[in-house]
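This is query-v1.csv (CSV, C-alpha atoms and all ligand atoms).
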```csv
chain,number,residue,atom,x,y,z
I,16,MET,CA,24.6,-11.2,-18.9
I,17,ASN,CA,25.8,-8.5,-16.4
I,18,GLU,CA,28.1,-10.2,-13.9
I,19,TRP,CA,26.3,-8.8,-10.8
I,20,VAL,CA,23.0,-10.0,-12.1
I,21,ALA,CA,24.5,-13.4,-12.6
I,22,ARG,CA,25.6,-13.4,-9.0
I,23,ALA,CA,22.2,-12.3,-7.8
I,24,ALA,CA,20.7,-15.3,-9.5
I,25,ALA,CA,21.5,-17.1,-6.2
I,26,VAL,CA,18.2,-15.7,-5.0
I,27,LEU,CA,16.4,-18.2,-7.3
I,28,LYS,CA,17.9,-20.9,-5.0
I,29,GLY,CA,16.3,-19.3,-2.0
I,30,GLU,CA,19.5,-17.5,-0.8
I,31,PRO,CA,19.0,-13.9,0.5
I,32,LEU,CA,20.5,-11.1,-1.6
I,33,ASP,CA,23.8,-9.9,-0.2
I,34,ALA,CA,23.8,-6.2,0.6
I,35,GLY,CA,27.0,-5.6,-1.3
I,36,VAL,CA,25.6,-7.3,-4.4
I,37,ALA,CA,22.5,-5.1,-4.1
I,38,ARG,CA,24.6,-2.0,-4.1
I,39,ALA,CA,26.5,-3.2,-7.1
I,40,LEU,CA,23.2,-3.8,-8.9
I,41,ALA,CA,22.2,-0.2,-8.4
I,42,ASP,CA,24.9,0.7,-11.0
I,43,VAL,CA,23.8,-1.8,-13.7
I,44,PRO,CA,24.0,0.2,-16.9
I,45,GLY,CA,20.8,1.0,-18.7
I,46,GLU,CA,21.3,-1.4,-21.6
I,47,GLU,CA,21.7,-4.3,-19.0
I,48,VAL,CA,18.7,-3.4,-16.8
I,49,LEU,CA,16.6,-5.9,-18.8
I,50,ASP,CA,18.9,-8.6,-17.5
I,51,LEU,CA,17.9,-7.5,-14.0
I,52,VAL,CA,14.3,-7.3,-15.0
I,53,ALA,CA,14.3,-10.8,-16.4
I,54,LEU,CA,15.8,-12.1,-13.1
I,55,ALA,CA,13.2,-10.3,-11.0
I,56,ASN,CA,10.5,-11.7,-13.2
I,57,ARG,CA,11.8,-15.3,-12.5
I,58,VAL,CA,12.1,-14.6,-8.8
I,59,ARG,CA,8.6,-13.2,-8.6
I,60,ASN,CA,7.2,-16.2,-10.5
I,61,ARG,CA,9.0,-18.7,-8.2
I,62,PHE,CA,8.4,-17.1,-4.8
I,63,SER,CA,5.7,-14.4,-4.8
I,64,PRO,CA,2.0,-14.6,-4.2
I,65,PRO,CA,-0.3,-14.1,-7.2
I,66,PHE,CA,-1.2,-10.6,-8.5
I,67,GLN,CA,-3.3,-8.5,-6.1
I,68,ALA,CA,-5.2,-5.4,-7.0
I,69,CYS,CA,-6.7,-3.1,-4.4
I,70,SER,CA,-8.9,0.0,-4.4
I,71,ILE,CA,-8.8,2.8,-1.8
I,72,ILE,CA,-11.1,5.4,-0.5
I,73,ASN,CA,-9.8,8.7,0.8
I,74,ALA,CA,-12.2,8.9,3.7
I,75,LYS,CA,-10.9,12.1,5.3
I,76,SER,CA,-8.8,14.6,3.3
I,77,GLY,CA,-6.7,17.6,4.0
I,78,LEU,CA,-5.6,19.9,6.9
I,79,CYS,CA,-3.2,17.3,8.1
I,80,SER,CA,-1.0,18.4,11.1
I,81,GLU,CA,2.0,16.7,9.6
I,82,ASN,CA,4.4,18.2,7.0
I,83,CYS,CA,5.3,15.4,4.6
I,84,ARG,CA,7.1,17.3,1.8
I,85,PHE,CA,5.4,15.4,-1.0
I,86,CYS,CA,1.9,15.5,0.3
I,87,ALA,CA,-1.0,17.6,-1.0
I,88,GLN,CA,-3.0,17.1,2.3
I,89,SER,CA,-0.6,18.7,4.7
I,90,ALA,CA,-2.0,21.9,6.3
I,91,SER,CA,1.6,23.3,6.0
I,92,HIS,CA,1.4,23.4,2.2
I,93,ALA,CA,-0.9,25.6,0.1
I,94,THR,CA,-2.3,23.1,-2.4
I,95,HIS,CA,-5.6,22.6,-4.2
I,96,ALA,CA,-6.3,19.3,-2.6
I,97,GLN,CA,-9.8,18.6,-1.5
I,98,ILE,CA,-10.6,19.2,2.2
I,99,TYR,CA,-13.3,17.3,3.9
I,100,PRO,CA,-13.9,15.7,7.3
I,101,MET,CA,-14.4,11.9,7.8
I,102,VAL,CA,-17.1,10.6,5.5
I,103,SER,CA,-19.8,8.3,6.9
I,104,ALA,CA,-19.6,4.6,7.2
I,105,GLU,CA,-22.4,4.4,4.6
I,106,THR,CA,-20.3,6.3,2.1
I,107,ILE,CA,-17.3,4.0,2.7
I,108,LEU,CA,-19.5,0.9,2.2
I,109,ALA,CA,-20.9,2.3,-1.1
I,110,ALA,CA,-17.3,2.8,-2.4
I,111,ALA,CA,-16.4,-0.7,-1.3
I,112,GLU,CA,-19.5,-2.1,-3.1
I,113,THR,CA,-18.5,-0.3,-6.3
I,114,ALA,CA,-15.0,-1.7,-6.2
I,115,TYR,CA,-16.5,-5.2,-5.5
I,116,SER,CA,-18.8,-4.9,-8.5
I,117,GLU,CA,-15.6,-4.2,-10.7
I,118,GLY,CA,-14.0,-7.4,-9.5
I,119,VAL,CA,-11.7,-5.9,-6.8
I,120,ARG,CA,-11.4,-8.0,-3.7
I,121,SER,CA,-9.2,-5.8,-1.5
I,122,PHE,CA,-10.4,-2.4,-0.3
I,123,CYS,CA,-8.5,0.0,1.9
I,124,ILE,CA,-9.9,2.8,4.0
I,125,VAL,CA,-7.4,5.7,4.1
I,126,THR,CA,-7.5,8.8,6.2
I,127,GLY,CA,-5.1,11.7,6.2
I,128,GLY,CA,-3.6,12.8,9.5
I,129,TYR,CA,-1.0,12.0,12.2
I,130,GLY,CA,-2.8,8.9,13.3
I,131,MET,CA,-5.6,7.4,15.4
I,132,THR,CA,-4.6,6.6,18.9
I,133,GLU,CA,-7.9,6.8,20.8
I,134,PRO,CA,-10.9,4.5,20.2
I,135,GLU,CA,-13.3,7.4,19.5
I,136,GLY,CA,-14.8,9.6,16.8
I,137,ASP,CA,-13.4,8.9,13.3
I,138,PHE,CA,-11.8,5.7,14.5
I,139,LEU,CA,-15.2,4.3,15.5
I,140,THR,CA,-16.6,5.2,12.0
I,141,VAL,CA,-13.8,3.2,10.5
I,142,LEU,CA,-14.6,0.2,12.6
I,143,GLU,CA,-18.3,0.5,11.7
I,144,ALA,CA,-17.4,0.6,8.0
I,145,VAL,CA,-15.1,-2.4,8.3
I,146,ASP,CA,-17.9,-4.4,10.0
I,147,ALA,CA,-20.5,-3.3,7.4
I,148,ILE,CA,-18.3,-4.2,4.4
I,149,ARG,CA,-17.2,-7.6,5.9
I,150,SER,CA,-20.8,-8.6,6.6
I,151,ARG,CA,-22.1,-7.5,3.1
I,152,GLN,CA,-19.1,-8.9,1.1
I,153,PRO,CA,-17.4,-11.6,3.2
I,154,ASP,CA,-14.8,-12.3,0.5
I,155,MET,CA,-13.7,-8.7,0.3
I,156,GLY,CA,-10.5,-8.1,2.3
I,157,VAL,CA,-10.8,-4.8,4.2
I,158,SER,CA,-7.6,-2.9,5.0
I,159,ALA,CA,-6.9,0.5,6.6
I,160,SER,CA,-4.4,3.3,6.5
I,161,LEU,CA,-5.0,5.6,9.4
I,162,GLY,CA,-1.4,6.7,10.4
I,163,ILE,CA,0.1,6.0,13.7
I,164,LEU,CA,-1.8,3.7,16.1
I,165,SER,CA,-1.8,3.0,19.9
I,166,ASP,CA,-1.8,-0.4,21.4
I,167,THR,CA,-5.6,-0.1,21.8
I,168,THR,CA,-6.5,1.0,18.3
I,169,ALA,CA,-4.1,-1.6,16.8
I,170,ARG,CA,-5.8,-4.3,18.8
I,171,LEU,CA,-9.3,-3.2,17.9
I,172,LEU,CA,-8.5,-3.2,14.2
I,173,ALA,CA,-7.2,-6.7,14.6
I,174,GLU,CA,-10.3,-7.8,16.4
I,175,HIS,CA,-12.5,-6.3,13.7
I,176,GLY,CA,-10.8,-8.5,11.1
I,177,ILE,CA,-8.6,-6.0,9.2
I,178,GLU,CA,-6.7,-7.8,6.4
I,179,HIS,CA,-3.8,-5.4,6.1
I,180,TYR,CA,-2.7,-2.2,7.7
I,181,ASN,CA,-0.8,0.3,5.6
I,182,ILE,CA,1.8,2.6,7.1
I,183,ASN,CA,4.6,3.6,4.8
I,184,LEU,CA,8.1,4.2,5.9
I,185,GLN,CA,8.5,6.3,2.7
I,186,THR,CA,12.3,6.2,2.6
I,187,ALA,CA,15.4,4.9,4.4
I,188,PRO,CA,14.8,5.5,8.2
I,189,GLY,CA,18.0,7.5,8.5
I,190,ARG,CA,16.8,10.0,5.8
I,191,TYR,CA,13.2,10.4,7.0
I,192,ARG,CA,13.7,13.8,8.7
I,193,ASP,CA,15.7,15.2,5.7
I,194,LEU,CA,13.4,14.0,2.9
I,195,ILE,CA,9.9,13.4,4.3
I,196,ALA,CA,8.8,15.2,7.5
I,197,ASP,CA,10.0,16.6,10.8
I,198,THR,CA,6.7,16.5,12.6
I,199,HIS,CA,7.0,12.8,13.4
I,200,THR,CA,9.8,10.2,13.0
I,201,SER,CA,10.3,7.0,11.1
I,202,ASP,CA,10.6,5.3,14.5
I,203,ASP,CA,7.0,6.3,15.4
I,204,ARG,CA,5.9,4.4,12.3
I,205,VAL,CA,8.1,1.4,13.0
I,206,ALA,CA,6.5,1.2,16.5
I,207,THR,CA,3.1,0.9,14.9
I,208,ILE,CA,4.4,-1.9,12.6
I,209,HIS,CA,5.5,-3.8,15.7
I,210,LEU,CA,2.1,-3.3,17.4
I,211,LEU,CA,0.3,-4.6,14.3
I,212,LYS,CA,2.7,-7.6,14.1
I,213,ARG,CA,1.9,-8.4,17.8
I,214,TYR,CA,-1.8,-8.5,17.0
I,215,GLY,CA,-1.3,-10.6,13.9
I,216,VAL,CA,-2.3,-8.0,11.3
I,217,GLN,CA,-0.5,-8.2,8.0
I,218,VAL,CA,1.6,-5.1,7.4
I,219,CYS,CA,1.6,-3.0,4.2
I,220,SER,CA,4.5,-0.6,4.2
I,221,GLY,CA,6.5,0.9,1.4
I,222,GLY,CA,7.9,4.2,0.1
I,223,ILE,CA,8.0,6.9,-2.4
I,224,LEU,CA,10.6,7.3,-5.1
I,225,GLY,CA,11.8,10.7,-6.4
I,226,VAL,CA,11.9,12.7,-3.1
I,227,GLY,CA,15.7,13.3,-3.4
I,228,GLU,CA,16.8,9.9,-2.2
I,229,THR,CA,19.7,7.9,-3.5
I,230,MET,CA,19.7,4.4,-4.7
I,231,ARG,CA,21.5,3.5,-1.5
I,232,ASP,CA,18.5,5.0,0.4
I,233,ARG,CA,16.1,2.8,-1.6
I,234,ILE,CA,18.2,-0.3,-0.9
I,235,ASP,CA,18.3,0.6,2.8
I,236,LEU,CA,14.5,0.9,2.8
I,237,ALA,CA,14.1,-2.4,1.1
I,238,PHE,CA,16.3,-4.2,3.7
I,239,THR,CA,14.5,-2.4,6.5
I,240,LEU,CA,11.1,-3.6,5.2
I,241,ARG,CA,12.5,-7.1,4.8
I,242,ASP,CA,13.8,-7.2,8.4
I,243,LEU,CA,10.5,-5.9,9.7
I,244,GLY,CA,8.7,-8.8,8.0
I,245,VAL,CA,6.5,-6.5,6.0
I,246,ASP,CA,3.9,-8.5,3.9
I,247,VAL,CA,3.0,-5.9,1.2
I,248,ILE,CA,5.2,-3.1,-0.2
I,249,PRO,CA,3.5,-0.3,-2.1
I,250,LEU,CA,5.9,1.7,-4.2
I,251,ASN,CA,4.8,5.2,-5.2
I,252,VAL,CA,6.6,7.5,-7.6
I,253,LEU,CA,6.5,11.2,-6.9
I,254,VAL,CA,3.8,13.2,-8.6
I,255,PRO,CA,5.0,16.8,-8.0
I,256,ILE,CA,2.1,18.8,-6.6
I,257,GLU,CA,1.9,22.5,-6.8
I,258,GLY,CA,2.2,24.1,-3.4
I,259,THR,CA,4.3,21.4,-1.8
I,260,PRO,CA,8.0,21.7,-1.2
I,261,LEU,CA,8.6,19.1,-3.9
I,262,GLU,CA,6.5,20.9,-6.6
I,263,ASP,CA,9.6,21.2,-8.8
I,264,GLY,CA,10.8,17.7,-8.0
I,265,SER,CA,11.8,15.4,-10.9
I,266,PRO,CA,10.3,11.9,-10.7
I,267,PRO,CA,12.8,9.2,-11.6
I,268,ALA,CA,13.0,8.0,-15.2
I,269,ALA,CA,11.3,4.8,-16.2
I,270,VAL,CA,14.6,2.8,-16.3
I,271,GLU,CA,15.4,3.9,-12.8
I,272,VAL,CA,12.0,2.8,-11.5
I,273,ALA,CA,12.4,-0.6,-13.2
I,274,ARG,CA,15.9,-1.0,-11.7
I,275,THR,CA,14.6,-0.1,-8.2
I,276,LEU,CA,11.6,-2.3,-8.4
I,277,ALA,CA,13.7,-5.3,-9.6
I,278,LEU,CA,16.1,-4.7,-6.7
I,279,PHE,CA,13.2,-4.7,-4.2
I,280,ARG,CA,11.9,-8.0,-5.7
I,281,LEU,CA,15.4,-9.6,-5.2
I,282,ILE,CA,15.6,-8.3,-1.6
I,283,VAL,CA,12.1,-9.3,-0.6
I,284,PRO,CA,11.2,-12.2,-2.9
I,285,ARG,CA,8.1,-13.3,-1.0
I,286,ALA,CA,6.3,-10.0,-0.4
I,287,VAL,CA,3.6,-8.5,-2.5
I,288,ILE,CA,5.1,-5.4,-4.2
I,289,LYS,CA,2.3,-3.1,-5.3
I,290,LEU,CA,2.7,-0.2,-7.8
I,291,ALA,CA,0.9,2.8,-6.5
I,292,ALA,CA,0.6,6.5,-7.3
I,293,GLY,CA,2.8,7.9,-10.1
I,294,ARG,CA,2.9,4.7,-12.1
I,295,GLU,CA,0.7,6.2,-14.8
I,296,THR,CA,2.3,9.6,-15.1
I,297,VAL,CA,5.9,8.4,-14.9
I,298,MET,CA,5.7,5.0,-16.5
I,299,ASN,CA,3.3,5.8,-19.3
I,300,ASP,CA,3.9,3.1,-21.9
I,301,PHE,CA,6.1,1.0,-19.5
I,302,GLN,CA,3.3,-0.3,-17.2
I,303,GLY,CA,3.9,-3.9,-18.4
I,304,LEU,CA,7.7,-3.5,-18.0
I,305,LEU,CA,7.1,-2.7,-14.3
I,306,MET,CA,5.0,-5.8,-13.9
I,307,LEU,CA,7.8,-7.8,-15.5
I,308,ALA,CA,10.3,-6.2,-13.2
I,309,GLY,CA,8.9,-8.0,-10.2
I,310,ALA,CA,5.7,-6.2,-9.2
I,311,ASN,CA,2.7,-8.4,-8.3
I,312,GLY,CA,0.1,-5.9,-7.4
I,313,PHE,CA,-1.2,-2.4,-7.8
I,314,ILE,CA,-3.6,0.1,-6.6
I,315,THR,CA,-6.3,0.5,-9.2
I,316,GLY,CA,-9.0,3.1,-9.9
I,317,GLY,CA,-7.3,6.2,-8.4
I,318,TYR,CA,-5.3,7.4,-5.4
I,319,LEU,CA,-5.7,9.9,-2.6
I,320,THR,CA,-5.4,13.1,-4.5
I,321,THR,CA,-4.6,12.0,-8.0
I,322,ARG,CA,-6.5,10.0,-10.6
I,323,GLY,CA,-5.4,6.5,-11.5
I,324,ARG,CA,-6.0,4.0,-14.3
I,325,ASP,CA,-9.4,2.3,-14.9
I,326,VAL,CA,-9.9,-1.0,-13.2
I,327,GLN,CA,-10.8,-2.6,-16.6
I,328,ARG,CA,-7.5,-1.6,-18.2
I,329,ASP,CA,-5.5,-3.0,-15.3
I,330,THR,CA,-7.5,-6.2,-15.3
I,331,ALA,CA,-6.7,-6.6,-19.0
I,332,LEU,CA,-3.0,-6.0,-18.3
I,333,ILE,CA,-2.9,-8.7,-15.7
I,334,ALA,CA,-4.5,-11.1,-18.2
I,335,GLU,CA,-1.9,-10.3,-20.9
I,336,LEU,CA,1.0,-10.7,-18.4
I,337,LYS,CA,0.0,-14.3,-17.7
I,338,ALA,CA,1.6,-15.2,-21.0
I,339,PHE,CA,5.0,-14.2,-19.4
I,340,GLY,CA,4.5,-16.6,-16.5
I,341,SER,CA,3.4,-13.7,-14.3
I,342,GLY,CA,0.5,-13.7,-12.0
I,343,GLY,CA,-0.1,-17.4,-11.5
I,344,ALA,CA,-0.3,-19.3,-8.3
I,345,PRO,CA,3.0,-19.3,-6.3
I,346,ARG,CA,5.1,-22.4,-7.1
I,347,GLU,CA,6.4,-22.5,-3.6
I,348,PRO,CA,4.8,-21.7,-0.3
I,349,SER,CA,4.9,-18.0,0.2
I,350,THR,CA,5.4,-16.8,3.7
I,351,ALA,CA,6.5,-13.2,3.7
F,1,LIG,S1,1.4,11.7,4.1
F,1,LIG,FE1,-0.2,11.4,5.7
F,1,LIG,S2,0.8,12.2,7.5
F,1,LIG,FE2,2.0,13.0,5.8
F,1,LIG,S3,1.1,15.1,5.4
F,1,LIG,FE3,0.1,13.6,4.1
F,1,LIG,S4,-1.8,12.9,5.2
F,1,LIG,FE4,-0.4,13.9,6.7
```
Would you put the structure from the file into structure tokens?
Amino acid sequence: MNEWVARAAAVLKGEPLDAGVARALADVPGEEVLDLVALANRVRNRFSPPFQACSIINAKSGLCSENCRFCAQSASHATHAQIYPMVSAETILAAAETAYSEGVRSFCIVTGGYGMTEPEGDFLTVLEAVDAIRSRQPDMGVSASLGILSDTTARLLAEHGIEHYNINLQTAPGRYRDLIADTHTSDDRVATIHLLKRYGVQVCSGGILGVGETMRDRIDLAFTLRDLGVDVIPLNVLVPIEGTPLEDGSPPAAVEVARTLALFRLIVPRAVIKLAAGRETVMNDFQGLLMLAGANGFITGGYLTTRGRDVQRDTALIAELKAFGSGGAPREPSTA
């Protein structure tokens, strides 16, 4: 076994992963990545919550004021992404009911844009939809991803029973301006995370791989998310979109995604790590490997501007993975 992977096995005893060991693991050679994957699988089985799948609705698309370099929805980029204003609460409810009928029990309302800082307009539509879904399907967890919040809008989401709130940090905070956007800062997003924590909302925050970051940046992001007490970490892989500054970008190879995912699992053993956009195009036949590398969740049924895998295929994959000890009830209490 790779000597650094052997050292990292201390995580199985509940010890936090040392930052120096994490950086050494970033250089594990390809033929030894499966050692790292095997350790991540054991750590996930020991500490992490069971598999979670969620579906999303893109409730408002395009013409975003921000200039995130990877995003089809920015008004700064000439893409073919759909543009439409906020859909009605009824439309959101119908999408949630479809997801529910397919067995999904976590549903997220996503809107493109800087954020929602005033309790008016689109924000009130979101609250109406949250109330409608929760009253129709009480066992459906309803989440939201609306960008940057104010104290008032964070509190209102908490009062209406939001299960998780998604706001991705995307990359290491120190690289945000270079790699992601210069119309807002990583600190703006971190401030929203602190507000949500104050009101007891579980936080979903992750990143995107393949935007020019280094392994060091990815490790910095993982430690930042750990220190913020993030509960759910979605990991996206760049899908280069024509018209964006990253249209010629190269998504990381499957082995690199597996190495990164395993490192995240060792750094944040008790969080849910969800595979999100890009897992289909980049990972192709390696979907199961990613699950064994420490993931315990995914977004299913499609993303904001790209298609995803069928819910039924993902459900079958989870069932198969149980034979590897993956996806069962946590063996120890899991407090992220
Ligand atoms: S990622 Fe969000 S904030 Fe950034 S451009 Fe896209 S919709 Fe706007």
Checklist entry - ligand LIG 1 (chain F): which residues are within 12 Å, counting only C-alpha atoms and all ligand atoms, as a PyMOL selection string? => result chain I and resi 73-94+96-98+125-131+160-163+181-185+191+194-201+203-204+222-223+251+259-260+319-320
Prev. selection, C-alpha atoms, output as a compact mmCIF listing (two decimals), in the coordinates of the input:
```txt
# COMPACT_ATOMS: atom_id res chain seq x y z
CA ASN I 73 -9.80 8.70 0.80
CA ALA I 74 -12.20 8.90 3.70
CA LYS I 75 -10.90 12.10 5.30
CA SER I 76 -8.80 14.60 3.30
CA GLY I 77 -6.70 17.60 4.00
CA LEU I 78 -5.60 19.90 6.90
CA CYS I 79 -3.20 17.30 8.10
CA SER I 80 -1.00 18.40 11.10
CA GLU I 81 2.00 16.70 9.60
CA ASN I 82 4.40 18.20 7.00
CA CYS I 83 5.30 15.40 4.60
CA ARG I 84 7.10 17.30 1.80
CA PHE I 85 5.40 15.40 -1.00
CA CYS I 86 1.90 15.50 0.30
CA ALA I 87 -1.00 17.60 -1.00
CA GLN I 88 -3.00 17.10 2.30
CA SER I 89 -0.60 18.70 4.70
CA ALA I 90 -2.00 21.90 6.30
CA SER I 91 1.60 23.30 6.00
CA HIS I 92 1.40 23.40 2.20
CA ALA I 93 -0.90 25.60 0.10
CA THR I 94 -2.30 23.10 -2.40
CA ALA I 96 -6.30 19.30 -2.60
CA GLN I 97 -9.80 18.60 -1.50
CA ILE I 98 -10.60 19.20 2.20
CA VAL I 125 -7.40 5.70 4.10
CA THR I 126 -7.50 8.80 6.20
CA GLY I 127 -5.10 11.70 6.20
CA GLY I 128 -3.60 12.80 9.50
CA TYR I 129 -1.00 12.00 12.20
CA GLY I 130 -2.80 8.90 13.30
CA MET I 131 -5.60 7.40 15.40
CA SER I 160 -4.40 3.30 6.50
CA LEU I 161 -5.00 5.60 9.40
CA GLY I 162 -1.40 6.70 10.40
CA ILE I 163 0.10 6.00 13.70
CA ASN I 181 -0.80 0.30 5.60
CA ILE I 182 1.80 2.60 7.10
CA ASN I 183 4.60 3.60 4.80
CA LEU I 184 8.10 4.20 5.90
CA GLN I 185 8.50 6.30 2.70
CA TYR I 191 13.20 10.40 7.00
CA LEU I 194 13.40 14.00 2.90
CA ILE I 195 9.90 13.40 4.30
CA ALA I 196 8.80 15.20 7.50
CA ASP I 197 10.00 16.60 10.80
CA THR I 198 6.70 16.50 12.60
CA HIS I 199 7.00 12.80 13.40
CA THR I 200 9.80 10.20 13.00
CA SER I 201 10.30 7.00 11.10
CA ASP I 203 7.00 6.30 15.40
CA ARG I 204 5.90 4.40 12.30
CA GLY I 222 7.90 4.20 0.10
CA ILE I 223 8.00 6.90 -2.40
CA ASN I 251 4.80 5.20 -5.20
CA THR I 259 4.30 21.40 -1.80
CA PRO I 260 8.00 21.70 -1.20
CA LEU I 319 -5.70 9.90 -2.60
CA THR I 320 -5.40 13.10 -4.50
```
Checklist entry - Rounded to one decimal in Å, what is the spacing between atom CA of I:Gly156 and atom CA of I:Pro284? => result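 Pair atom CA of I:Gly156 / atom CA of I:Pro284 returns 22.7 Å.
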Next on the checklist: Applying 9 Å and only C-alpha atoms, which residues near I:Leu54 remain after dropping the ones on its own chain fewer than 6 positions away? List them as number ranges by chain.
Outcome noted: I: 20-21, 23-24, 27, 277, 281, 308-309
Checklist entry - In Å to one decimal, how far is atom CA of I:Leu276 from atom CA of I:Ser220? => result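 Atom CA of I:Leu276 lies at a distance of 14.6 Å from atom CA of I:Ser220.
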Checklist entry - For the atom pair atom CA of I:Leu261 and atom CA of I:Glu228, what is the interatomic distance in Å to one decimal place? => result 12.4 Å
Checklist outcome for this item: Counting only C-alpha atoms, the residue among I:His209, I:Gly264, I:Lys289, I:Glu112 that lies closest to I:Ser150 is I:Glu112
Item to check | Within 9 Å of I:Val36 using all atoms listed in the file, minus same-chain residues under 3 positions, as a ChimeraX atom specification | outcome: /I:19-20,22-23,32-33,39-41
Next on the checklist: I want to know what sits within 12 Å of I:Leu139, based on all atoms listed in the file, with residues of the same chain fewer than 3 positions away left out; could you give that as a PyMOL selection string?
Outcome noted: chain I and resi 101-104+131-136+142-146+161+168+171-172+175
Next on the checklist: Here is a test: counting only C-alpha atoms, which residue of I:Asn56, I:Thr207, I:Thr167, I:Asn17 is nearest to I:Asp42?
Outcome noted: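 Smallest separation from I:Asp42 among the options: I:Asn17.
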Checklist entry - Which one of I:Arg190, I:Arg38, I:Arg213, I:Arg120 sits closest to I:Leu278 if you count all atoms listed in the file? => result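 When distances to I:Leu278 are compared using all atoms listed in the file, the smallest one comes from I:Arg38.
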List the neighbours of I:Pro188 out to 9 Å using all atoms listed in the file; skip same-chain residues closer than 5 positions along the sequence, and give me the result as a CSV table (one decimal) with C-alpha atoms, in the coordinates of the input.
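The result, written out as selection-v3.csv:
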```csv
chain,number,residue,atom,x,y,z
I,200,THR,CA,9.8,10.2,13.0
I,201,SER,CA,10.3,7.0,11.1
I,202,ASP,CA,10.6,5.3,14.5
I,232,ASP,CA,18.5,5.0,0.4
I,235,ASP,CA,18.3,0.6,2.8
I,236,LEU,CA,14.5,0.9,2.8
I,239,THR,CA,14.5,-2.4,6.5
```
Checklist entry - Which is closer to I:Ile288 than all the others in I:Asp300, I:Asp246, I:Glu178, I:Glu271, using only C-alpha atoms? => result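 For I:Ile288, the nearest of the candidates is I:Asp246.
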Next on the checklist: Which residue is closest to I:Ile208? Choose from I:Gly244, I:Gly293, I:Pro31, I:Gly227 and count only C-alpha atoms.
Outcome noted: I:Gly244
Checklist entry - Given the choices I:Leu240, I:Leu49, I:Thr113, I:His179, which gets closest to I:Val205 if the distance is worked out from all atoms listed in the file? => result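 Closest candidate: I:Leu240.
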